[in-house]
Amino acid sequence: MTVVNTVYKDHKDALRASCWDHSKSTEKAYLGKATIRLSPTGKVISSKTEGTDDDASVCVDKQIKKWKFPPPSGTATITLPIHLHRD
């Protein structure tokens with residue numbers, strides 16, 4: 001799972017800037033869980049995020065769908081915890 005965490009780390013700042021910093025939520029942190037299906041090439045087939053802010057969850061899904069993961073062996077489903085904090 002380390003390669004998945006590396007992909008997440010590469011995109012985390014952009015995710016926070018795109019989705020959490022613009023959210024109308026008054027919470028300091030967004031906590032969510034993304035369920036991501038990958039094709040054999042590492043392309044994201046689908047992403048479903050559930051978290052503490054619905055608008056941010058929809059935004060996170062849109063961003064994740066643009067990501068590229070290392071090719072798994074066959075299709076794969078991964079679960080990724082998403083934690084975004086405001087400064």
# chains A, B, ... in the order shown; residues from 1 in each chain; ligands from 1

$ residues_around --residues "Asp13 in chain A" --least-positions-apart "2" --cutoff "12 Å" --atoms "only C-alpha atoms" --output "ChimeraX atom specification"
/A:7-11,15-21,60,63,82-87

$ residues_around --residues "range 45-52 of chain A" --least-positions-apart "5" --cutoff "12 Å" --atoms "only C-alpha atoms" --output "PyMOL selection string"
chain A and resi 20+23+25-40+57-69+75-84

$ residues_around --residues "Thr41 in chain A" --least-positions-apart "5" --cutoff "8 Å" --atoms "only C-alpha atoms" --output "short mmCIF file (atom, residue, chain, number, x, y, z; two decimals) with N, CA, C and O atoms, in the first residue's frame"
data_model
loop_
_atom_site.label_atom_id
_atom_site.label_comp_id
_atom_site.auth_asym_id
_atom_site.auth_seq_id
_atom_site.Cartn_x
_atom_site.Cartn_y
_atom_site.Cartn_z
N PRO A 70 0.13 3.26 -9.95
CA PRO A 70 0.91 2.20 -10.61
C PRO A 70 -0.03 1.05 -10.97
O PRO A 70 -0.98 0.78 -10.23
N PRO A 71 0.20 0.41 -12.12
CA PRO A 71 -0.71 -0.68 -12.54
C PRO A 71 -0.77 -1.82 -11.52
O PRO A 71 0.26 -2.34 -11.12
N PRO A 72 -1.97 -2.16 -11.07
CA PRO A 72 -2.12 -3.33 -10.18
C PRO A 72 -2.13 -4.59 -11.05
O PRO A 72 -2.15 -4.49 -12.27
#

$ select_by_dssp --residues "chain A" --states "strand (DSSP E)" --output "number ranges by chain"
A: 29-38, 44-51, 76-85
